[in-house]
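Novice: Can you keep this structure in mind? I'll have questions shortly.
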Amino acid sequence: MFRKRNVVCAIEFGTSKICVLLGEVGSRGEVANIIGMGSEYCPGAVIKGEIADMDRATEALSKALERADRISGGELVNCPLLTVLVSGCGIESRQSKGIVTVKNANGVITEAEKNEANENAKVFALGSGREIINTSTSYYLVDNRRVSNPLHQSGRQLEAWVHVIHALSSRIENYRTVIANAGVENVNIEPVFAPLAAGFGIVSELEKENGSLLIDLGAGTTEYLVHFDRGIYASGIVQLGWEHVANDLSIGLKLHIDSCRRLLESGQLENAIKEKQQELEFTGSGGKKRKIPLSAFEMIVDARLREIFEIVRRQLKEKEAPSALGAGGILTGGGAYYFRSRELFSDIFDLNCRVGLPSDAAGVELDSPRFSAIWGALKVAAYFYHAFGIAPESGFNKLITKVSRFLGKGE
C-alpha cells in the first residue's frame with residue numbers, strides 16, 4: 001500500500017510567467033522536498049502584480065498546474081492548502097495597536113490577554129471593499145515597557161503592536177477565481193503578500209532579530225519589508241520594477257525592448273561594464289550595424305534603479321521604520337542579478353547588502369533570487385499544514401495569535 005503524502009502548493013502570478021510549486025511537508029512543518037514544479041510564459045496576463053486578462057491567466061495556470069502535477073506523479077489531488085502570492089491589488093499596510101486591561105487577580109498576563117490584544121489591533125476602519133490579508137506582531141508593551149513576549153509578565157495594561165496588510169477584496173478575488181477556473185477544487189486558498197513570503201523563505205532568524213531591509217526587485221513591481229527585533233515594522237510596494245529598466249533602455253536608445261531584456265537578463269551588459277568596453281554593437285531591422293556608447297546604458301539603468309530605491313527610502317521614512325538595521329539589506333527578485341543593483345542598494349540605504357535566494361530548497365533546483373517569494377510561500381503553506389493538520393478555516397489573517405512566529409515574531 002502506498003503512503004499518502006502530505007502535499008501543499010504555492011502559486012505565483014508573475015509579470016511574464018505563472019509558476020507553481022508542489023511540496024511535501026516534513027515532520028516538523030518544513031518543506032521536506034519539492035515534488036513538482038511548473039511554469040508557463042504568459043506576457044500581458046498579469047500587469048504590476050494584478051491579473052489583467054483572466055482567460056489568459058487561467059489557461060497559463062492550468063498548464064503550469066498540469067506540468068507540476070505530472071512531475072509529482074499526480075500528487076496535486078492530495079493538496080488541501082494552497083498559498084498564492086499577491087502584489088499590487090491596492091495593497092496598503094499600517095502599524096495598529098490593540099490594548100487590553102489585565103484583569104487577573106494576580107495581575108499576570110496570560111494567553112487570553114495576549115490573544116485579545118492581538119485581535120483588538122485588527123479592529124479599525126478599513127474602508128469599503130477592503131480586506132485584511134496578512135498580519136504579524138511587531139512588539140508588545142506592558143505598562144509602556146517594551147517586551148518580546150508578554151506571557152507571565154506582571155502588569156496592568158498590555159499593548160500589542162501589529163503590522164496589518166490589507167488589499168482591495170475584488171482584486172484578491174480575481175486570484176481565487178482564476179485558480180478555481182483552472183480546475184483547483186476543495187482547496188483552501190490563502191493569499192500571502194509577496195515580501196512576507198520572501199522574508200519567510202530567505203531571511204535568517206539572526207537577520208530578523210538584528211534588523212534588516214528586504215527588497216524584492218521584480219519585473220513589474222518592487223516590494224519591501226523591514227524586520228527589527230524579530231518583528232515586522234514596515235512593508236510596502238512600488239509600482240516600478242526591472243521591466244521598467246528595460247523599457248527605459250528601449251525608449252532612450254531606440255532599441256527593441258526584447259533586445260534590452262536579453263541584454264539585462266543574459267549578463268551581457270554587466271560583462272561589458274566589467275570588461276570596460278567602450279560601446280556595444282547592435283544590428284537594426286535593415287541589417288545596418290549601430291554602435292552605442294556603454295556609458296549610455298549605465299546612465300539609464302542607474303537612474304531608474306536609483307529612483308526605485310529612493311522611493312522605497314522615502315516611504316520607509318514616512319512610515320517611521322527603524323533605520324539602525326544591524327544585519328543590513330537583502331536584495332532578491334530578478335533585478336538582484338544585475339551587479340549594480342547591489343551597489344546602488346548599499347549606496348542609497350547606507351547598508352551592507354547580500355543577494356538572497358532559496359539556498360535550502362531540495363528536490364528541484366531553485367538557486368535563483370527569482371524564486372525567493374514562491375519558495376517562501378511554499379514554506380508558509382507547509383507551516384500551516386503542520387500546525388493545523390488541514391488548511392486553516394479562519395484564513396491567514398486571523399491566525400496571528402497562534403502562528404505570528406512564522407512571519408517574524410518569535411516567542
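Following the order of the C-alpha cells, first chain is A, next is B, and so on, with residues numbered from 1 inside each chain and ligands from 1 in the order they appear.
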Residues at most 12 Å from Ala32 (chain A), counting only C-alpha atoms, excluding those fewer than 3 positions away in the same chain, as a list in words?

Specialist: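 After dropping sequence-adjacent residues, the list is Arg5, Asn6, Val7, Val8, Leu22, Gly23, Glu24, Val25, Gly26, Ser27, Arg28, Gly29, Ile35, Asp360, Ala361, Ala362, Gly363, Val364, Leu378, Lys379, Ala382, Tyr383 and His386 of chain A.
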
Novice: Just list as a PyMOL selection string whatever in region 130-340 of chain A DSSP marks as helix (DSSP H, G or I).

Specialist: chain A and resi 169-181+194-202+205-210+242-253+257-265+268-274+294-318+334-337+339-340

Novice: Sorted by chain and rising residue number, list the residues of region 46-148 of chain A at most 12 Å from region 178-195 of chain A (counting only C-alpha atoms), each with its closest atom pair and distance in Å to one decimal, as a Markdown table.

Specialist:
| residue | atom | partner | partner_atom | distance |
| --- | --- | --- | --- | --- |
| A:Val46 | CA | A:Val178 | CA | 11.7 |
| A:Gly49 | CA | A:Ala194 | CA | 9.7 |
| A:Glu50 | CA | A:Val178 | CA | 11.7 |
| A:Ile51 | CA | A:Val178 | CA | 9.0 |
| A:Ala52 | CA | A:Val178 | CA | 11.3 |
| A:Asp53 | CA | A:Val178 | CA | 9.9 |
| A:Met54 | CA | A:Val178 | CA | 6.5 |
| A:Asp55 | CA | A:Val178 | CA | 8.0 |
| A:Arg56 | CA | A:Val178 | CA | 9.5 |
| A:Ala57 | CA | A:Val178 | CA | 6.9 |
| A:Thr58 | CA | A:Val178 | CA | 5.2 |
| A:Glu59 | CA | A:Ala182 | CA | 7.0 |
| A:Ala60 | CA | A:Ala182 | CA | 8.7 |
| A:Leu61 | CA | A:Ala182 | CA | 6.4 |
| A:Ser62 | CA | A:Ala182 | CA | 4.9 |
| A:Lys63 | CA | A:Ala182 | CA | 8.7 |
| A:Ala64 | CA | A:Ala182 | CA | 9.8 |
| A:Leu65 | CA | A:Ala182 | CA | 8.3 |
| A:Glu66 | CA | A:Ala182 | CA | 9.7 |
| A:Asp69 | CA | A:Val184 | CA | 11.6 |
| A:Leu76 | CA | A:Val184 | CA | 9.0 |
| A:Val77 | CA | A:Val184 | CA | 8.9 |
| A:Asn78 | CA | A:Val187 | CA | 9.6 |
| A:Cys79 | CA | A:Val187 | CA | 7.0 |
| A:Pro80 | CA | A:Val187 | CA | 4.7 |
| A:Leu81 | CA | A:Asn188 | CA | 4.9 |
| A:Leu82 | CA | A:Ile189 | CA | 5.0 |
| A:Thr83 | CA | A:Glu190 | CA | 4.8 |
| A:Val84 | CA | A:Pro191 | CA | 4.9 |
| A:Leu85 | CA | A:Val192 | CA | 5.1 |
| A:Val86 | CA | A:Phe193 | CA | 5.0 |
| A:Ser87 | CA | A:Ala194 | CA | 6.2 |
| A:Gly88 | CA | A:Phe193 | CA | 9.3 |
| A:Cys89 | CA | A:Phe193 | CA | 10.1 |
| A:Gly90 | CA | A:Phe193 | CA | 11.6 |
| A:Ile91 | CA | A:Phe193 | CA | 8.5 |
| A:Glu92 | CA | A:Phe193 | CA | 10.3 |
| A:Ser93 | CA | A:Phe193 | CA | 10.5 |
| A:Glu131 | CA | A:Pro191 | CA | 11.1 |
| A:Ile132 | CA | A:Pro191 | CA | 10.1 |
| A:Ile133 | CA | A:Pro191 | CA | 6.5 |
| A:Asn134 | CA | A:Val192 | CA | 6.6 |
| A:Thr135 | CA | A:Val192 | CA | 9.9 |
| A:Ser136 | CA | A:Phe193 | CA | 11.7 |

Novice: Could you work out how far CA of Val226 (chain A) lies from CA of Glu12 (chain A), giving the answer in Å with one decimal?

Specialist: 22.0 Å

Novice: Using only C-alpha atoms, which residue out of A:Cys9, A:Ile99, A:Leu351, A:Leu263 lies closest to Ala327 (chain A)?

Specialist: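 Using only C-alpha atoms, the shortest distance to Ala327 (chain A) belongs to A:Leu351.
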
Novice: Of the candidates A:Thr283, A:Thr101, A:Ser128, A:Ser368, which shows the shortest atom-to-atom distance to Asp143 (chain A), using only C-alpha atoms?

Specialist: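 Comparing A:Thr283, A:Thr101, A:Ser128, A:Ser368 against Asp143 (chain A), the winner is A:Thr101.
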
Novice: For Ala296 (chain A), list every protein, DNA or RNA residue within 9 Å, evaluated using only C-alpha atoms, and leave out those in the same chain fewer than 4 positions away; present the list as a list of chain:residue names.

Specialist: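 Skipping anything fewer than 4 positions along the chain leaves A:Leu249, A:Gly252, A:Leu253, A:Glu279, A:Ile292, A:Ile300, A:Val301.
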
Novice: Out of region 158-370 of chain A, which residues get strand (DSSP E or B) from DSSP, as a ChimeraX atom specification?

Specialist: /A:158-168,188-193,212-217,222-228,231-238,279-283,289-293,329-332,353-355

Novice: My list of candidates is A:Gly98, A:Pro358, A:Gly236, A:Gly155. Which is closest to Val203 (chain A) when distances are computed with only C-alpha atoms?

Specialist: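 Closest residue, counting only C-alpha atoms: A:Pro358.
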
Novice: Per residue of region 265-325 of chain A within 8 Å of region 330-341 of chain A, what are the shortest atom pair and its distance in Å to one decimal, counting only C-alpha atoms, with rows by chain and residue number, as CSV?

Specialist:
residue,atom,partner,partner_atom,distance
A:Glu265,CA,A:Tyr337,CA,7.9
A:Gly267,CA,A:Tyr338,CA,7.4
A:Glu270,CA,A:Tyr338,CA,6.8
A:Asp302,CA,A:Arg340,CA,7.6
A:Leu305,CA,A:Ser341,CA,6.9

Novice: I want to know what sits within 9 Å of Glu320 (chain A), based on only C-alpha atoms, with residues of the same chain fewer than 3 positions away left out; could you give that as a list in words?

Specialist: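 Returned residues: Tyr233, Ala234, Gln315, Leu316, Lys317 and Ser323 of chain A.
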
Novice: Given the selection you just returned, output its residues as a file containing all heavy atoms, formatted as a PDB file, in the first residue's frame.

Specialist:
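For reference, part-v2.pdb as written:
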ATOM      1  N   TYR A 233       8.126  45.715  10.920  1.00  0.00           N
ATOM      2  CA  TYR A 233       7.833  47.111  11.235  1.00  0.00           C
ATOM      3  C   TYR A 233       7.295  47.891  10.055  1.00  0.00           C
ATOM      4  O   TYR A 233       6.671  48.929  10.243  1.00  0.00           O
ATOM      5  CB  TYR A 233       9.104  47.790  11.766  1.00  0.00           C
ATOM      6  CG  TYR A 233       9.321  47.534  13.228  1.00  0.00           C
ATOM      7  CD1 TYR A 233       9.626  46.265  13.680  1.00  0.00           C
ATOM      8  CD2 TYR A 233       9.193  48.556  14.158  1.00  0.00           C
ATOM      9  CE1 TYR A 233       9.811  46.012  15.022  1.00  0.00           C
ATOM     10  CE2 TYR A 233       9.382  48.315  15.503  1.00  0.00           C
ATOM     11  CZ  TYR A 233       9.685  47.046  15.939  1.00  0.00           C
ATOM     12  OH  TYR A 233       9.853  46.795  17.263  1.00  0.00           O
ATOM     13  N   ALA A 234       7.567  47.464   8.861  1.00  0.00           N
ATOM     14  CA  ALA A 234       7.085  48.200   7.693  1.00  0.00           C
ATOM     15  C   ALA A 234       7.127  47.290   6.478  1.00  0.00           C
ATOM     16  O   ALA A 234       7.964  46.387   6.380  1.00  0.00           O
ATOM     17  CB  ALA A 234       7.937  49.450   7.437  1.00  0.00           C
ATOM     18  N   GLN A 315       9.403  56.157   1.424  1.00  0.00           N
ATOM     19  CA  GLN A 315       8.256  55.513   2.055  1.00  0.00           C
ATOM     20  C   GLN A 315       8.608  54.988   3.439  1.00  0.00           C
ATOM     21  O   GLN A 315       7.802  55.088   4.376  1.00  0.00           O
ATOM     22  CB  GLN A 315       7.738  54.381   1.164  1.00  0.00           C
ATOM     23  CG  GLN A 315       7.069  54.852  -0.103  1.00  0.00           C
ATOM     24  CD  GLN A 315       6.382  53.732  -0.864  1.00  0.00           C
ATOM     25  OE1 GLN A 315       6.263  52.604  -0.387  1.00  0.00           O
ATOM     26  NE2 GLN A 315       5.924  54.026  -2.071  1.00  0.00           N
ATOM     27  N   LEU A 316       9.795  54.438   3.597  1.00  0.00           N
ATOM     28  CA  LEU A 316      10.215  53.942   4.907  1.00  0.00           C
ATOM     29  C   LEU A 316      10.315  55.087   5.907  1.00  0.00           C
ATOM     30  O   LEU A 316       9.962  54.931   7.088  1.00  0.00           O
ATOM     31  CB  LEU A 316      11.558  53.222   4.794  1.00  0.00           C
ATOM     32  CG  LEU A 316      11.533  51.873   4.072  1.00  0.00           C
ATOM     33  CD1 LEU A 316      12.945  51.336   3.902  1.00  0.00           C
ATOM     34  CD2 LEU A 316      10.673  50.869   4.832  1.00  0.00           C
ATOM     35  N   LYS A 317      10.781  56.237   5.454  1.00  0.00           N
ATOM     36  CA  LYS A 317      10.875  57.398   6.336  1.00  0.00           C
ATOM     37  C   LYS A 317       9.489  57.861   6.763  1.00  0.00           C
ATOM     38  O   LYS A 317       9.252  58.193   7.933  1.00  0.00           O
ATOM     39  CB  LYS A 317      11.618  58.535   5.632  1.00  0.00           C
ATOM     40  CG  LYS A 317      11.898  59.729   6.527  1.00  0.00           C
ATOM     41  CD  LYS A 317      12.745  60.769   5.800  1.00  0.00           C
ATOM     42  CE  LYS A 317      13.042  61.956   6.725  1.00  0.00           C
ATOM     43  NZ  LYS A 317      13.879  62.977   6.036  1.00  0.00           N
ATOM     44  N   SER A 323      15.859  52.633  11.185  1.00  0.00           N
ATOM     45  CA  SER A 323      16.937  52.772  10.206  1.00  0.00           C
ATOM     46  C   SER A 323      18.227  52.113  10.667  1.00  0.00           C
ATOM     47  O   SER A 323      19.114  51.854   9.852  1.00  0.00           O
ATOM     48  CB  SER A 323      17.197  54.257   9.912  1.00  0.00           C
ATOM     49  OG  SER A 323      17.514  54.951  11.104  1.00  0.00           O
TER      50      SER A 323
END

Novice: Can you pull out the residues contacting Ile109 (chain A)? Cut-off 12 Å, using only C-alpha atoms, and skip same-chain residues under 6 positions away; I want them as a PyMOL selection string.

Specialist: chain A and resi 100-103+115-117+140-143+149-159

Novice: Keeping only C-alpha atoms, write those residues as a PDB file, in the first residue's frame.

Specialist:
ATOM      1  CA  VAL A 100      -6.151  45.123  26.907  1.00  0.00           C
ATOM      2  CA  THR A 101      -6.535  45.789  30.628  1.00  0.00           C
ATOM      3  CA  VAL A 102      -5.146  42.897  32.666  1.00  0.00           C
ATOM      4  CA  LYS A 103      -7.968  41.811  34.971  1.00  0.00           C
ATOM      5  CA  ASN A 115      -4.724  36.911  22.094  1.00  0.00           C
ATOM      6  CA  GLU A 116      -7.273  39.620  22.889  1.00  0.00           C
ATOM      7  CA  ALA A 117      -4.723  42.398  22.398  1.00  0.00           C
ATOM      8  CA  TYR A 140       4.352  44.347  22.878  1.00  0.00           C
ATOM      9  CA  LEU A 141       4.233  46.943  25.642  1.00  0.00           C
ATOM     10  CA  VAL A 142       3.477  46.043  29.258  1.00  0.00           C
ATOM     11  CA  ASP A 143       2.691  49.248  31.183  1.00  0.00           C
ATOM     12  CA  ASN A 149       6.890  38.119  24.912  1.00  0.00           C
ATOM     13  CA  PRO A 150       4.308  39.380  27.448  1.00  0.00           C
ATOM     14  CA  LEU A 151       3.294  35.962  28.772  1.00  0.00           C
ATOM     15  CA  HIS A 152       3.695  35.593  32.552  1.00  0.00           C
ATOM     16  CA  GLN A 153       4.683  39.258  32.887  1.00  0.00           C
ATOM     17  CA  SER A 154       3.004  41.279  35.647  1.00  0.00           C
ATOM     18  CA  GLY A 155       1.245  44.453  34.566  1.00  0.00           C
ATOM     19  CA  ARG A 156      -1.967  46.429  34.380  1.00  0.00           C
ATOM     20  CA  GLN A 157      -2.113  47.135  30.642  1.00  0.00           C
ATOM     21  CA  LEU A 158      -0.942  45.199  27.583  1.00  0.00           C
ATOM     22  CA  GLU A 159      -0.489  46.748  24.141  1.00  0.00           C
TER      23      GLU A 159
END

Novice: Of the candidates A:Ser72, A:Asn352, A:Ser148, A:Ser235, which one gets nearest to Ala197 (chain A) if we count only C-alpha atoms?

Specialist: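 The closest residue to Ala197 (chain A) is A:Ser235.
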
Novice: Using only C-alpha atoms, can you tell me which of A:Arg145, A:Lys122, A:Lys4, A:His256 comes closest to Ile165 (chain A)?

Specialist: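 The shortest atom-to-atom distance to Ile165 (chain A) comes from A:Lys122.
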
Novice: Could you jot down the CA of Arg130 (chain A) to CA of Thr222 (chain A) separation for me, Å, one decimal place?

Specialist: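 Going from CA of Arg130 (chain A) over to CA of Thr222 (chain A) covers 21.7 Å.
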
Novice: Rank A:Val147, A:Ser204, A:Glu119, A:Gly129 by their smallest atom-to-atom distance to Ser169 (chain A), using only C-alpha atoms, and report the top residue only.

Specialist: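 For Ser169 (chain A), the nearest of the candidates is A:Gly129.
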
Novice: Would you list the contacts of Gly201 (chain A) as a list in words, taking every protein, DNA or RNA residue within 8 Å and counting only C-alpha atoms, but skipping same-chain residues closer than 6 positions in sequence?

Specialist: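 These residues fall inside the cut-off: Pro358, Ser372, Ala373, Trp375, Gly376, Ala377 and Lys379 of chain A.
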
Novice: What lies within 10 Å of Ile257 (chain A) using only C-alpha atoms, ignoring chain neighbours under 5 positions off, as a ChimeraX atom specification?

Specialist: /A:243,246-251,262-263

Novice: Grab the residues selected above and save them as a tab-separated table (two decimals), in the first residue's frame with all heavy atoms.

Specialist:
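And here is the file that came out, again-v4.tsv:
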chain	number	residue	atom	x	y	z
A	243	GLU	N	11.33	45.51	-15.34
A	243	GLU	CA	10.79	45.70	-16.69
A	243	GLU	C	10.84	47.18	-17.10
A	243	GLU	O	11.02	47.49	-18.28
A	243	GLU	CB	9.35	45.19	-16.75
A	243	GLU	CG	8.67	45.31	-18.11
A	243	GLU	CD	9.22	44.35	-19.16
A	243	GLU	OE1	10.04	43.47	-18.82
A	243	GLU	OE2	8.80	44.46	-20.32
A	246	ALA	N	14.24	47.92	-18.56
A	246	ALA	CA	14.32	47.52	-19.96
A	246	ALA	C	13.57	48.50	-20.86
A	246	ALA	O	14.03	48.84	-21.96
A	246	ALA	CB	13.75	46.10	-20.13
A	247	ASN	N	12.42	48.96	-20.39
A	247	ASN	CA	11.63	49.91	-21.18
A	247	ASN	C	12.36	51.25	-21.35
A	247	ASN	O	12.33	51.86	-22.43
A	247	ASN	CB	10.28	50.14	-20.51
A	247	ASN	CG	9.32	50.93	-21.37
A	247	ASN	OD1	8.92	50.49	-22.44
A	247	ASN	ND2	8.95	52.10	-20.90
A	248	ASP	N	13.05	51.70	-20.30
A	248	ASP	CA	13.82	52.94	-20.38
A	248	ASP	C	14.93	52.82	-21.43
A	248	ASP	O	15.19	53.75	-22.21
A	248	ASP	CB	14.44	53.28	-19.03
A	248	ASP	CG	13.41	53.75	-18.02
A	248	ASP	OD1	12.26	54.00	-18.42
A	248	ASP	OD2	13.76	53.87	-16.83
A	249	LEU	N	15.61	51.67	-21.43
A	249	LEU	CA	16.67	51.44	-22.42
A	249	LEU	C	16.10	51.44	-23.84
A	249	LEU	O	16.68	52.00	-24.76
A	249	LEU	CB	17.37	50.11	-22.14
A	249	LEU	CG	18.25	50.04	-20.89
A	249	LEU	CD1	18.75	48.62	-20.69
A	249	LEU	CD2	19.43	51.00	-21.00
A	250	SER	N	14.93	50.80	-23.97
A	250	SER	CA	14.31	50.71	-25.29
A	250	SER	C	13.95	52.08	-25.84
A	250	SER	O	14.25	52.41	-27.00
A	250	SER	CB	13.04	49.84	-25.19
A	250	SER	OG	12.35	49.82	-26.42
A	251	ILE	N	13.35	52.92	-25.00
A	251	ILE	CA	12.92	54.25	-25.45
A	251	ILE	C	14.12	55.19	-25.60
A	251	ILE	O	14.26	55.90	-26.61
A	251	ILE	CB	11.91	54.84	-24.45
A	251	ILE	CG1	10.62	54.01	-24.46
A	251	ILE	CG2	11.61	56.30	-24.78
A	251	ILE	CD1	9.61	54.41	-23.40
A	262	ARG	N	17.01	40.93	-23.14
A	262	ARG	CA	18.09	39.93	-23.28
A	262	ARG	C	19.41	40.50	-22.79
A	262	ARG	O	20.21	39.79	-22.16
A	262	ARG	CB	18.20	39.49	-24.75
A	262	ARG	CG	17.09	38.56	-25.20
A	262	ARG	CD	17.45	37.90	-26.52
A	262	ARG	NE	17.62	38.89	-27.59
A	262	ARG	CZ	16.65	39.29	-28.38
A	262	ARG	NH1	15.42	38.83	-28.22
A	262	ARG	NH2	16.89	40.18	-29.35
A	263	LEU	N	19.65	41.76	-23.08
A	263	LEU	CA	20.89	42.40	-22.66
A	263	LEU	C	21.03	42.38	-21.15
A	263	LEU	O	22.12	42.11	-20.61
A	263	LEU	CB	20.90	43.85	-23.17
A	263	LEU	CG	22.17	44.68	-22.94
A	263	LEU	CD1	23.29	44.14	-23.80
A	263	LEU	CD2	21.89	46.14	-23.24
